[in-house]
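Student: Contents of structure_16.txt (compact mmCIF, C-alpha atoms (C1' of nucleotides)):
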```
# COMPACT_ATOMS: atom_id res chain seq x y z
CA MET A 660 3.86 166.22 -171.04
CA ASP A 661 7.28 167.34 -172.07
CA ALA A 662 9.33 164.17 -171.97
CA GLY A 663 11.16 162.44 -169.19
CA ASP A 664 14.19 162.42 -171.42
CA GLY A 665 15.50 165.84 -170.58
CA SER A 666 16.12 166.75 -174.15
CA SER A 667 16.71 169.87 -176.17
CA LYS A 668 14.95 173.18 -175.33
CA LYS A 669 16.72 175.95 -173.45
CA GLN A 670 15.29 176.90 -170.11
CA THR A 671 14.17 180.43 -169.31
CA LYS A 672 16.18 182.67 -167.05
CA SER A 673 14.81 182.25 -163.56
CA GLN A 674 13.19 178.89 -163.99
CA LEU A 675 14.67 175.51 -163.57
CA VAL A 676 13.34 172.65 -165.62
CA LEU A 677 14.27 169.74 -163.46
CA GLU A 678 14.31 167.18 -166.26
CA GLN A 679 16.96 169.14 -168.13
CA PHE A 680 19.05 169.82 -165.05
CA LEU A 681 22.25 167.80 -165.25
CA PRO A 682 22.70 166.90 -161.56
CA TYR A 683 19.12 165.72 -161.48
CA ARG A 684 19.43 163.66 -164.64
CA LEU A 685 22.57 161.98 -163.39
CA SER A 686 20.87 161.17 -160.15
CA ILE A 687 17.80 159.64 -161.80
CA LEU A 688 19.83 157.62 -164.27
CA SER A 689 22.19 156.35 -161.62
CA ASN A 690 19.33 155.40 -159.31
CA THR A 691 17.43 153.63 -162.03
CA VAL A 692 20.47 151.58 -162.95
CA SER A 693 21.59 150.90 -159.37
CA ASN A 694 18.19 149.87 -158.14
CA THR A 695 17.76 147.36 -160.92
CA ILE A 696 21.13 145.82 -160.27
CA ALA A 697 20.78 145.99 -156.50
CA ARG A 698 17.62 144.00 -156.67
CA GLU A 699 19.29 141.31 -158.68
CA TYR A 700 22.24 141.03 -156.29
CA ARG A 701 19.89 140.92 -153.35
CA ASP A 702 17.49 138.37 -154.80
CA GLN A 703 20.08 136.03 -156.18
CA PHE A 704 22.94 136.37 -153.73
CA GLY A 705 21.65 138.23 -150.69
CA LEU A 706 24.18 140.98 -151.22
CA SER A 707 23.75 144.74 -150.97
CA ILE A 708 25.58 147.09 -153.32
CA PRO A 709 28.27 148.02 -150.77
CA GLU A 710 28.80 144.34 -150.04
CA TRP A 711 29.06 143.55 -153.71
CA ARG A 712 31.51 146.38 -154.27
CA VAL A 713 33.79 145.05 -151.58
CA MET A 714 33.64 141.59 -153.14
CA ALA A 715 34.39 143.04 -156.55
CA VAL A 716 37.61 144.74 -155.47
CA LEU A 717 38.71 141.82 -153.35
CA GLY A 718 38.08 139.53 -156.28
CA ARG A 719 40.11 141.71 -158.56
CA PHE A 720 42.82 143.18 -156.34
CA GLY A 721 42.68 141.25 -153.06
CA PRO A 722 43.97 140.67 -150.52
CA LEU A 723 43.56 144.25 -149.34
CA THR A 724 43.22 146.14 -146.08
CA ALA A 725 39.94 147.84 -145.27
CA SER A 726 41.33 151.23 -146.20
CA GLU A 727 42.57 149.98 -149.53
CA VAL A 728 39.09 148.64 -150.17
CA GLY A 729 37.80 152.09 -149.31
CA GLU A 730 40.11 153.76 -151.81
CA ARG A 731 39.19 151.36 -154.56
CA THR A 732 35.46 151.62 -154.03
CA ALA A 733 35.14 155.25 -152.96
CA MET A 734 33.32 154.03 -149.87
CA ASP A 735 33.99 155.60 -146.50
CA LYS A 736 35.51 153.51 -143.75
CA VAL A 737 32.26 153.09 -141.87
CA SER A 738 30.54 151.59 -144.89
CA VAL A 739 33.49 149.34 -145.58
CA SER A 740 33.54 148.18 -141.98
CA ARG A 741 29.87 147.32 -142.05
CA ALA A 742 29.94 145.64 -145.42
CA VAL A 743 32.95 143.57 -144.37
CA ALA A 744 31.25 142.57 -141.12
CA ARG A 745 28.27 141.22 -143.04
CA LEU A 746 30.45 139.48 -145.58
CA ILE A 747 32.36 137.75 -142.82
CA GLU A 748 29.11 136.60 -141.24
CA GLN A 749 28.16 135.17 -144.59
CA LYS A 750 31.57 133.54 -144.84
CA LEU A 751 32.29 135.20 -148.15
CA VAL A 752 35.27 137.11 -146.83
CA LYS A 753 37.88 136.29 -144.23
CA ARG A 754 39.97 138.63 -142.18
CA GLU A 755 43.34 138.15 -140.62
CA THR A 756 45.38 140.60 -138.65
CA ASP A 757 48.46 142.04 -140.30
CA SER A 758 51.40 140.84 -138.22
CA ASN A 759 53.47 143.93 -139.05
CA ASP A 760 50.79 146.39 -138.06
CA ARG A 761 48.21 144.95 -135.76
CA ARG A 762 45.75 147.78 -136.37
CA ARG A 763 45.36 146.58 -139.92
CA SER A 764 43.46 143.58 -141.04
CA ILE A 765 43.91 141.84 -144.31
CA LEU A 766 40.82 140.93 -146.21
CA LYS A 767 40.38 138.29 -148.83
CA LEU A 768 37.61 136.27 -150.38
CA THR A 769 37.01 132.82 -148.97
CA ALA A 770 36.70 129.95 -151.43
CA ARG A 771 32.98 130.40 -151.19
CA GLY A 772 33.38 134.14 -151.75
CA ALA A 773 35.47 133.49 -154.80
CA ARG A 774 32.79 131.21 -156.21
CA THR A 775 30.12 133.81 -155.62
CA HIS A 776 32.31 136.46 -157.18
CA HIS A 777 32.83 134.22 -160.14
CA GLN A 778 29.09 133.85 -160.55
CA ILE A 779 28.27 137.52 -160.20
CA VAL A 780 30.84 139.04 -162.50
CA PRO A 781 29.23 137.79 -165.72
CA ILE A 782 25.83 138.92 -164.50
CA ALA A 783 27.11 142.38 -163.66
CA ARG A 784 28.81 142.55 -167.02
CA GLY A 785 25.68 141.35 -168.70
CA ARG A 786 23.66 144.12 -167.15
CA GLU A 787 26.17 146.66 -168.22
CA SER A 788 26.14 145.36 -171.78
CA GLU A 789 22.39 145.37 -171.87
CA LEU A 790 22.48 149.03 -170.94
CA ALA A 791 25.39 149.92 -173.18
CA ALA A 792 23.80 148.11 -176.10
CA VAL A 793 21.83 151.22 -176.99
CA LEU A 794 25.09 152.99 -177.79
CA THR A 795 27.39 152.53 -180.73
CA GLU A 796 31.09 151.85 -180.20
CA GLU A 797 31.80 155.47 -180.92
CA GLU A 798 29.14 156.69 -178.54
CA LEU A 799 30.61 154.46 -175.86
CA ARG A 800 34.04 155.97 -176.29
CA SER A 801 32.45 159.37 -176.21
CA LEU A 802 30.54 158.54 -173.02
CA ASP A 803 33.71 157.28 -171.42
CA ARG A 804 35.46 160.57 -172.16
CA LEU A 805 32.57 162.74 -171.03
CA LEU A 806 32.07 160.90 -167.77
CA ALA A 807 35.79 161.04 -167.04
CA LYS A 808 35.87 164.77 -167.69
CA LEU A 809 32.81 165.42 -165.58
CA GLN A 810 34.10 163.28 -162.75
CA ARG A 811 37.41 165.10 -162.68
CA ARG A 812 35.63 168.42 -162.57
CA ALA A 813 33.07 167.32 -160.02
CA SER A 814 35.82 166.01 -157.75
CA ALA A 815 37.73 169.24 -158.13
CA ILE A 816 34.69 171.30 -157.19
CA ALA A 817 33.96 169.06 -154.22
CA ALA A 818 37.55 169.28 -153.00
CA GLN A 819 37.63 173.04 -153.37
CA GLU A 820 34.35 173.26 -151.46
CA ASN A 821 35.89 171.22 -148.65
CA ASN A 822 38.56 173.78 -148.01
CA ALA A 823 36.40 176.90 -148.23
CA MET B 56 48.21 153.44 -160.81
CA ASP B 57 45.34 152.82 -163.12
CA ALA B 58 43.39 156.01 -162.76
CA GLY B 59 40.27 156.93 -160.90
CA ASP B 60 38.90 158.17 -164.18
CA GLY B 61 37.72 154.86 -165.51
CA SER B 62 39.32 155.30 -168.86
CA SER B 63 40.29 153.12 -171.78
CA LYS B 64 41.61 149.55 -171.22
CA LYS B 65 39.38 146.55 -171.71
CA GLN B 66 38.75 144.37 -168.69
CA THR B 67 39.59 140.69 -168.67
CA LYS B 68 36.93 138.04 -168.89
CA SER B 69 36.04 137.08 -165.37
CA GLN B 70 37.21 140.18 -163.61
CA LEU B 71 35.41 143.37 -162.98
CA VAL B 72 37.33 146.58 -162.78
CA LEU B 73 35.03 148.68 -160.72
CA GLU B 74 36.31 152.00 -161.97
CA GLN B 75 35.44 151.09 -165.54
CA PHE B 76 32.06 149.68 -164.68
CA LEU B 77 29.38 151.99 -165.97
CA PRO B 78 26.80 151.62 -163.17
CA TYR B 79 29.53 152.31 -160.65
CA ARG B 80 30.86 155.33 -162.51
CA LEU B 81 27.40 156.82 -162.80
CA SER B 82 26.85 156.30 -159.12
CA ILE B 83 30.10 157.95 -158.09
CA LEU B 84 29.65 160.88 -160.42
CA SER B 85 26.08 161.44 -159.37
CA ASN B 86 26.97 161.24 -155.68
CA THR B 87 29.89 163.61 -156.03
CA VAL B 88 27.71 166.17 -157.77
CA SER B 89 24.68 165.73 -155.52
CA ASN B 90 26.63 165.90 -152.30
CA THR B 91 28.28 169.14 -153.28
CA ILE B 92 25.01 170.73 -154.21
CA ALA B 93 23.16 169.25 -151.26
CA ARG B 94 25.59 170.85 -148.88
CA GLU B 95 25.08 174.22 -150.45
CA TYR B 96 21.29 174.00 -150.25
CA ARG B 97 21.51 172.84 -146.67
CA ASP B 98 24.00 175.47 -145.53
CA GLN B 99 22.42 178.41 -147.24
CA PHE B 100 18.74 177.55 -147.16
CA GLY B 101 18.25 174.65 -144.76
CA LEU B 102 16.82 172.52 -147.55
CA SER B 103 17.44 168.87 -148.38
CA ILE B 104 17.56 167.68 -151.97
CA PRO B 105 14.03 166.23 -151.92
CA GLU B 106 12.77 169.49 -150.45
CA TRP B 107 14.55 171.50 -153.07
CA ARG B 108 13.18 169.30 -155.85
CA VAL B 109 9.66 169.88 -154.68
CA MET B 110 10.30 173.62 -154.59
CA ALA B 111 11.78 173.50 -158.07
CA VAL B 112 8.76 171.90 -159.69
CA LEU B 113 6.31 174.03 -157.74
CA GLY B 114 8.23 177.11 -158.80
CA ARG B 115 8.14 176.06 -162.39
CA PHE B 116 4.83 174.23 -162.79
CA GLY B 117 2.85 174.90 -159.60
CA PRO B 118 0.30 174.72 -158.22
CA LEU B 119 0.35 170.94 -158.32
CA THR B 120 -1.03 168.04 -156.33
CA ALA B 121 1.37 165.80 -154.43
CA SER B 122 1.15 163.10 -157.07
CA GLU B 123 1.91 165.54 -159.83
CA VAL B 124 4.95 166.61 -157.87
CA GLY B 125 5.89 162.96 -157.67
CA GLU B 126 5.63 162.51 -161.42
CA ARG B 127 7.67 165.59 -162.14
CA THR B 128 10.44 164.77 -159.69
CA ALA B 129 10.48 160.96 -159.95
CA MET B 130 10.09 160.86 -156.18
CA ASP B 131 7.79 158.31 -154.56
CA LYS B 132 4.76 159.50 -152.66
CA VAL B 133 6.29 158.88 -149.26
CA SER B 134 9.25 161.13 -150.02
CA VAL B 135 6.98 163.78 -151.46
CA SER B 136 4.76 163.64 -148.42
CA ARG B 137 7.69 164.09 -146.06
CA ALA B 138 9.35 166.81 -148.07
CA VAL B 139 6.09 168.71 -148.30
CA ALA B 140 5.49 168.36 -144.57
CA ARG B 141 8.85 169.96 -143.85
CA LEU B 142 8.34 172.69 -146.40
CA ILE B 143 5.01 173.56 -144.84
CA GLU B 144 6.60 173.76 -141.41
CA GLN B 145 9.14 176.13 -142.87
CA LYS B 146 6.34 178.11 -144.47
CA LEU B 147 7.81 177.76 -147.92
CA VAL B 148 4.85 175.85 -149.30
CA LYS B 149 1.16 176.01 -148.58
CA ARG B 150 -1.44 173.36 -149.02
CA GLU B 151 -5.13 173.66 -149.62
CA THR B 152 -7.63 170.91 -150.13
CA ASP B 153 -9.04 170.48 -153.61
CA SER B 154 -12.75 171.25 -153.28
CA ASN B 155 -13.63 168.89 -156.14
CA ASP B 156 -11.73 165.95 -154.74
CA ARG B 157 -11.08 166.20 -151.05
CA ARG B 158 -8.42 163.47 -151.10
CA ARG B 159 -6.23 165.76 -153.12
CA SER B 160 -4.38 168.73 -151.84
CA ILE B 161 -3.08 171.51 -153.95
CA LEU B 162 0.42 172.67 -153.29
CA LYS B 163 1.99 175.97 -154.12
CA LEU B 164 4.90 178.09 -153.00
CA THR B 165 4.19 180.77 -150.45
CA ALA B 166 5.50 184.27 -151.16
CA ARG B 167 8.44 183.37 -148.98
CA GLY B 168 8.88 180.11 -150.88
CA ALA B 169 8.83 181.96 -154.17
CA ARG B 170 11.55 184.30 -152.91
CA THR B 171 13.70 181.37 -151.81
CA HIS B 172 13.10 179.66 -155.13
CA HIS B 173 14.10 182.82 -156.89
CA GLN B 174 17.35 182.89 -154.94
CA ILE B 175 18.23 179.26 -155.44
CA VAL B 176 17.62 178.89 -159.14
CA PRO B 177 20.62 180.97 -160.19
CA ILE B 178 22.82 179.14 -157.72
CA ALA B 179 21.70 175.77 -159.00
CA ARG B 180 22.25 176.90 -162.54
CA GLY B 181 25.62 178.28 -161.59
CA ARG B 182 26.70 174.94 -160.20
CA GLU B 183 25.53 173.19 -163.30
CA SER B 184 27.47 175.62 -165.51
CA GLU B 185 30.56 175.22 -163.43
CA LEU B 186 30.38 171.50 -164.02
CA ALA B 187 29.39 171.75 -167.66
CA ALA B 188 32.15 174.25 -168.30
CA VAL B 189 34.63 171.42 -168.90
CA LEU B 190 32.63 170.40 -171.94
CA THR B 191 32.38 172.10 -175.30
CA GLU B 192 28.99 172.95 -176.78
CA GLU B 193 29.22 169.89 -178.96
CA GLU B 194 30.16 167.64 -176.08
CA LEU B 195 27.20 168.97 -174.17
CA ARG B 196 24.82 168.09 -176.96
CA SER B 197 26.43 164.71 -177.14
CA LEU B 198 26.08 164.19 -173.39
CA ASP B 199 22.44 165.18 -173.58
CA ARG B 200 21.81 162.56 -176.23
CA LEU B 201 23.75 159.83 -174.48
CA LEU B 202 22.08 160.37 -171.13
CA ALA B 203 18.67 160.42 -172.78
CA LYS B 204 19.38 157.16 -174.56
CA LEU B 205 20.74 155.50 -171.45
CA GLN B 206 17.83 156.69 -169.36
CA ARG B 207 15.32 155.32 -171.83
CA ARG B 208 17.06 151.99 -171.84
CA ALA B 209 17.54 151.87 -168.09
CA SER B 210 13.86 152.63 -167.53
CA ALA B 211 12.88 149.95 -170.00
CA ILE B 212 15.04 147.38 -168.24
CA ALA B 213 13.69 148.40 -164.85
CA ALA B 214 10.09 148.19 -166.07
CA GLN B 215 10.64 144.80 -167.65
CA GLU B 216 12.23 143.60 -164.42
CA ASN B 217 9.16 144.74 -162.51
CA ASN B 218 6.89 142.43 -164.43
CA ALA B 219 9.11 139.37 -164.42
C1' DT C 1488 -27.74 153.03 -153.15
C1' DA C 1489 -25.00 149.94 -150.49
C1' DA C 1490 -20.88 147.31 -150.91
C1' DT C 1491 -16.36 146.95 -153.14
C1' DT C 1492 -12.43 148.66 -155.22
C1' DT C 1493 -9.37 152.29 -156.33
C1' DT C 1494 -6.91 156.49 -155.46
C1' DA C 1495 -4.47 160.23 -152.61
C1' DG C 1496 -1.77 160.84 -149.14
C1' DT C 1497 0.09 159.80 -144.23
C1' DT C 1498 1.97 157.04 -140.57
C1' DT C 1499 4.57 153.34 -138.74
C1' DC C 1500 8.27 150.23 -138.36
C1' DA C 1501 12.61 148.30 -139.68
C1' DA C 1502 16.80 148.78 -142.15
C1' DA C 1503 20.49 151.84 -144.16
C1' DT C 1504 23.44 155.75 -143.65
C1' DG C 1505 26.59 159.40 -141.82
C1' DA C 1506 28.88 161.89 -138.34
C1' DA C 1507 31.12 161.77 -134.19
C1' DA C 1508 33.05 159.39 -130.44
C1' DC C 1509 35.69 155.62 -129.21
C1' DT C 1510 39.46 151.64 -128.90
C1' DA C 1511 43.72 149.82 -130.11
C1' DT C 1512 47.97 150.34 -132.10
C1' DT C 1513 51.74 152.72 -134.22
C1' DT C 1514 54.51 156.76 -135.28
C1' DC C 1515 56.64 160.94 -134.17
C1' DA C 1516 58.92 164.48 -131.37
C1' DA C 1517 60.84 166.35 -127.14
C1' DT D 377 61.70 156.63 -124.00
C1' DT D 378 57.68 158.52 -122.81
C1' DG D 379 53.96 161.47 -123.96
C1' DA D 380 51.39 163.49 -127.92
C1' DA D 381 49.63 162.91 -132.30
C1' DA D 382 48.22 160.07 -136.07
C1' DT D 383 46.16 155.94 -138.12
C1' DA D 384 43.05 151.70 -138.68
C1' DG D 385 38.99 150.27 -137.83
C1' DT D 386 34.52 149.82 -134.88
C1' DT D 387 30.61 151.35 -132.25
C1' DT D 388 27.07 154.49 -131.12
C1' DC D 389 23.51 157.61 -131.97
C1' DA D 390 20.58 160.43 -134.62
C1' DT D 391 18.67 160.97 -139.19
C1' DT D 392 17.05 159.26 -143.55
C1' DT D 393 14.84 156.04 -146.30
C1' DG D 394 11.62 152.47 -148.11
C1' DA D 395 8.03 149.16 -147.72
C1' DA D 396 3.84 148.07 -145.90
C1' DA D 397 -0.10 149.18 -143.38
C1' DC D 398 -3.32 152.50 -142.74
C1' DT D 399 -7.04 156.46 -143.25
C1' DA D 400 -10.07 159.06 -145.87
C1' DA D 401 -12.42 160.09 -149.94
C1' DA D 402 -14.02 158.99 -154.58
C1' DA D 403 -15.26 155.88 -158.24
C1' DT D 404 -17.22 151.65 -159.67
C1' DT D 405 -20.46 147.93 -159.83
C1' DA D 406 -24.11 144.95 -158.61
```
Hey, can you dump this file as structure tokens for me?
Tutor:
Amino acid sequence: MDAGDGSSKKQTKSQLVLEQFLPYRLSILSNTVSNTIAREYRDQFGLSIPEWRVMAVLGRFGPLTASEVGERTAMDKVSVSRAVARLIEQKLVKRETDSNDRRRSILKLTARGARTHHQIVPIARGRESELAAVLTEEELRSLDRLLAKLQRRASAIAAQENNA
Amino acid sequence: MDAGDGSSKKQTKSQLVLEQFLPYRLSILSNTVSNTIAREYRDQFGLSIPEWRVMAVLGRFGPLTASEVGERTAMDKVSVSRAVARLIEQKLVKRETDSNDRRRSILKLTARGARTHHQIVPIARGRESELAAVLTEEELRSLDRLLAKLQRRASAIAAQENNA
DNA sequence: TAATTTTAGTTTCAAATGAAACTATTTCAA
DNA sequence: TTGAAATAGTTTCATTTGAAACTAAAATTA
């Protein structure tokens, strides 16, 4: 076999070696990481990733409206709406209507939500550290830069695509 | 504003700044890239990402059995089975039963499939280059290394998790 | 060699997701 | 100020996905 690690060798002209193909590698890495974490959130707290993301931004920046949550999490409004609905059922989030603009609702963590948030943050951080532990400080800074650059470019391409 | 680019600043102890959180950043980047590419495959060739992945490995390494396709693409057998079913409908892939082991089927691109593959590869590569163009040669090598390291670690964590 | 277990792949069912239509409210423009 | 357009968020519907059950064939073992 020639490694699941997508390393080195150049590919030939009209072939595509999937395991060296950047979009594919990003997708596999991201899924591996997300699935591991998702399972932990689910097993320990009964939360899905979208639900957890909403909690994370409310814990950090709340109270927020649903659209602000969307901006902060890069989730679309449908996903936010559904995640919020489940969080309210679970009494982790509460909603009140904005008195200035009654279309808006204002979301914040309940006391219970705040406690859960408080429990999850260190776990999430721990997972991240466990992953990042294979990298040196310098590699981490490098990764940060590279991901930022790629994200800017990827967003630009996506946006451009949207107009065309 | 504190940037959608997830840069620099350290986060405080019991908070989690989503846009600096590595699993989240990987997920957003990967989704941005995949969605752009997925749309192109869909619009131009009527293929989904799983379908395209199957075509890619068959084009490069075929003929293969369904499980070999699974290994090469990191797709589970259900996804492979469904992708293959659709590709057969579209007459891009053909299946014949292995005469030595009649549980197995042997998959290969049809002539039509090979032509489609031949058309897509340069496009896929083009997209990758467009993305990678923001990085220098050295940054690319660095990225390659970092992703490989992270993937190894992520897989190890996932595997460990599976036993526990 | 008959019974049991394993392997390859498919089907089924339930949950997750995305796009489009919809409701309620607010803003804008004539 | 009233009618049209825009905005916030939800619901609906069709598609995708994942897990578990299932079928068929092969390998194992007793």
Student: Just the residues within 12 Å of DC389 of chain D, please, counting only C-alpha atoms (C1' of nucleotides), with nothing from its chain fewer than 3 positions along; format it as a list of chain:residue names.
Tutor: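 What passes the distance filter is C:DT1504, C:DG1505, C:DA1506, C:DA1507, C:DA1508.
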Student: Would you mind exporting the chosen residues as a short mmCIF file (atom, residue, chain, number, x, y, z; two decimals), keeping the file's coordinate frame, restricted to C-alpha atoms (C1' of nucleotides)?
Tutor:
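The resulting result_10.cif:
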```cif
data_model
loop_
_atom_site.label_atom_id
_atom_site.label_comp_id
_atom_site.auth_asym_id
_atom_site.auth_seq_id
_atom_site.Cartn_x
_atom_site.Cartn_y
_atom_site.Cartn_z
"C1'" DT C 1504 23.44 155.75 -143.65
"C1'" DG C 1505 26.59 159.40 -141.82
"C1'" DA C 1506 28.88 161.89 -138.34
"C1'" DA C 1507 31.12 161.77 -134.19
"C1'" DA C 1508 33.05 159.39 -130.44
#
```
Student: Taking into account only C-alpha atoms, which residue in the set B:Leu205, B:Leu73, B:Arg141, B:Tyr96 is nearest to Arg712 of chain A?
Tutor: B:Leu73
Student: Would you list the contacts of Ala93 of chain B as a PDB file with C-alpha atoms, in the coordinates of the input, taking every protein, DNA or RNA residue within 8 Å and counting all atoms listed in the file, but skipping same-chain residues closer than 4 positions in sequence?
Tutor:
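Once everything was written out, this is part_18.pdb:
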```
ATOM      1  CA  SER B  89      24.680 165.730-155.520  1.00  0.00           C
ATOM      2  CA  ARG B  97      21.510 172.840-146.670  1.00  0.00           C
ATOM      3  CA  SER B 103      17.440 168.870-148.380  1.00  0.00           C
ATOM      4  CA  ILE B 104      17.560 167.680-151.970  1.00  0.00           C
TER       5      ILE B 104
END
```
Student: In Å to one decimal, how far is atom CA of Lys149 of chain B from atom CA of Ile161 of chain B?
Tutor: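 A separation of 8.2 Å between them.
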Student: Calculate how many Å separate atom CA of Phe100 of chain B from atom CA of Leu164 of chain B, rounding to one decimal.
Tutor: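 According to the coordinates, atom CA of Phe100 of chain B and atom CA of Leu164 of chain B are separated by 15.0 Å.
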Student: Residues of chain C no more than 8 Å from chain A, counting only C-alpha atoms (C1' of nucleotides): send them over as a list in words.
Tutor: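 Filtering chain C at 8 Å from chain A with only C-alpha atoms (C1' of nucleotides) gives DA1511, DT1512 and DT1513 of chain C.
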Student: Ranking B:Leu119, B:Val109, B:Met130, B:Ile83 by minimum distance to DG394 of chain D and counting all atoms listed in the file, which one comes first?
Tutor: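 With all atoms listed in the file as the atom set, the closest residue is B:Met130.
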Student: Using only C-alpha atoms, determine which residues of chain B fall within 8 Å of chain A; present them as a ChimeraX atom specification.
Tutor: /B:60-63,69-74,76-78,80-89,91,108,111-112,114-115,127-129,173,176-177,180,183,186-187,189-190,194,198-210,212-213,216
Student: Can you tell me, as a PyMOL selection string, which residues sit within 9 Å of (28.6, 151.0, -135.2) in the file's frame, using all atoms listed in the file?
Tutor: (chain A and resi 737+740-741) or (chain D and resi 386-389)
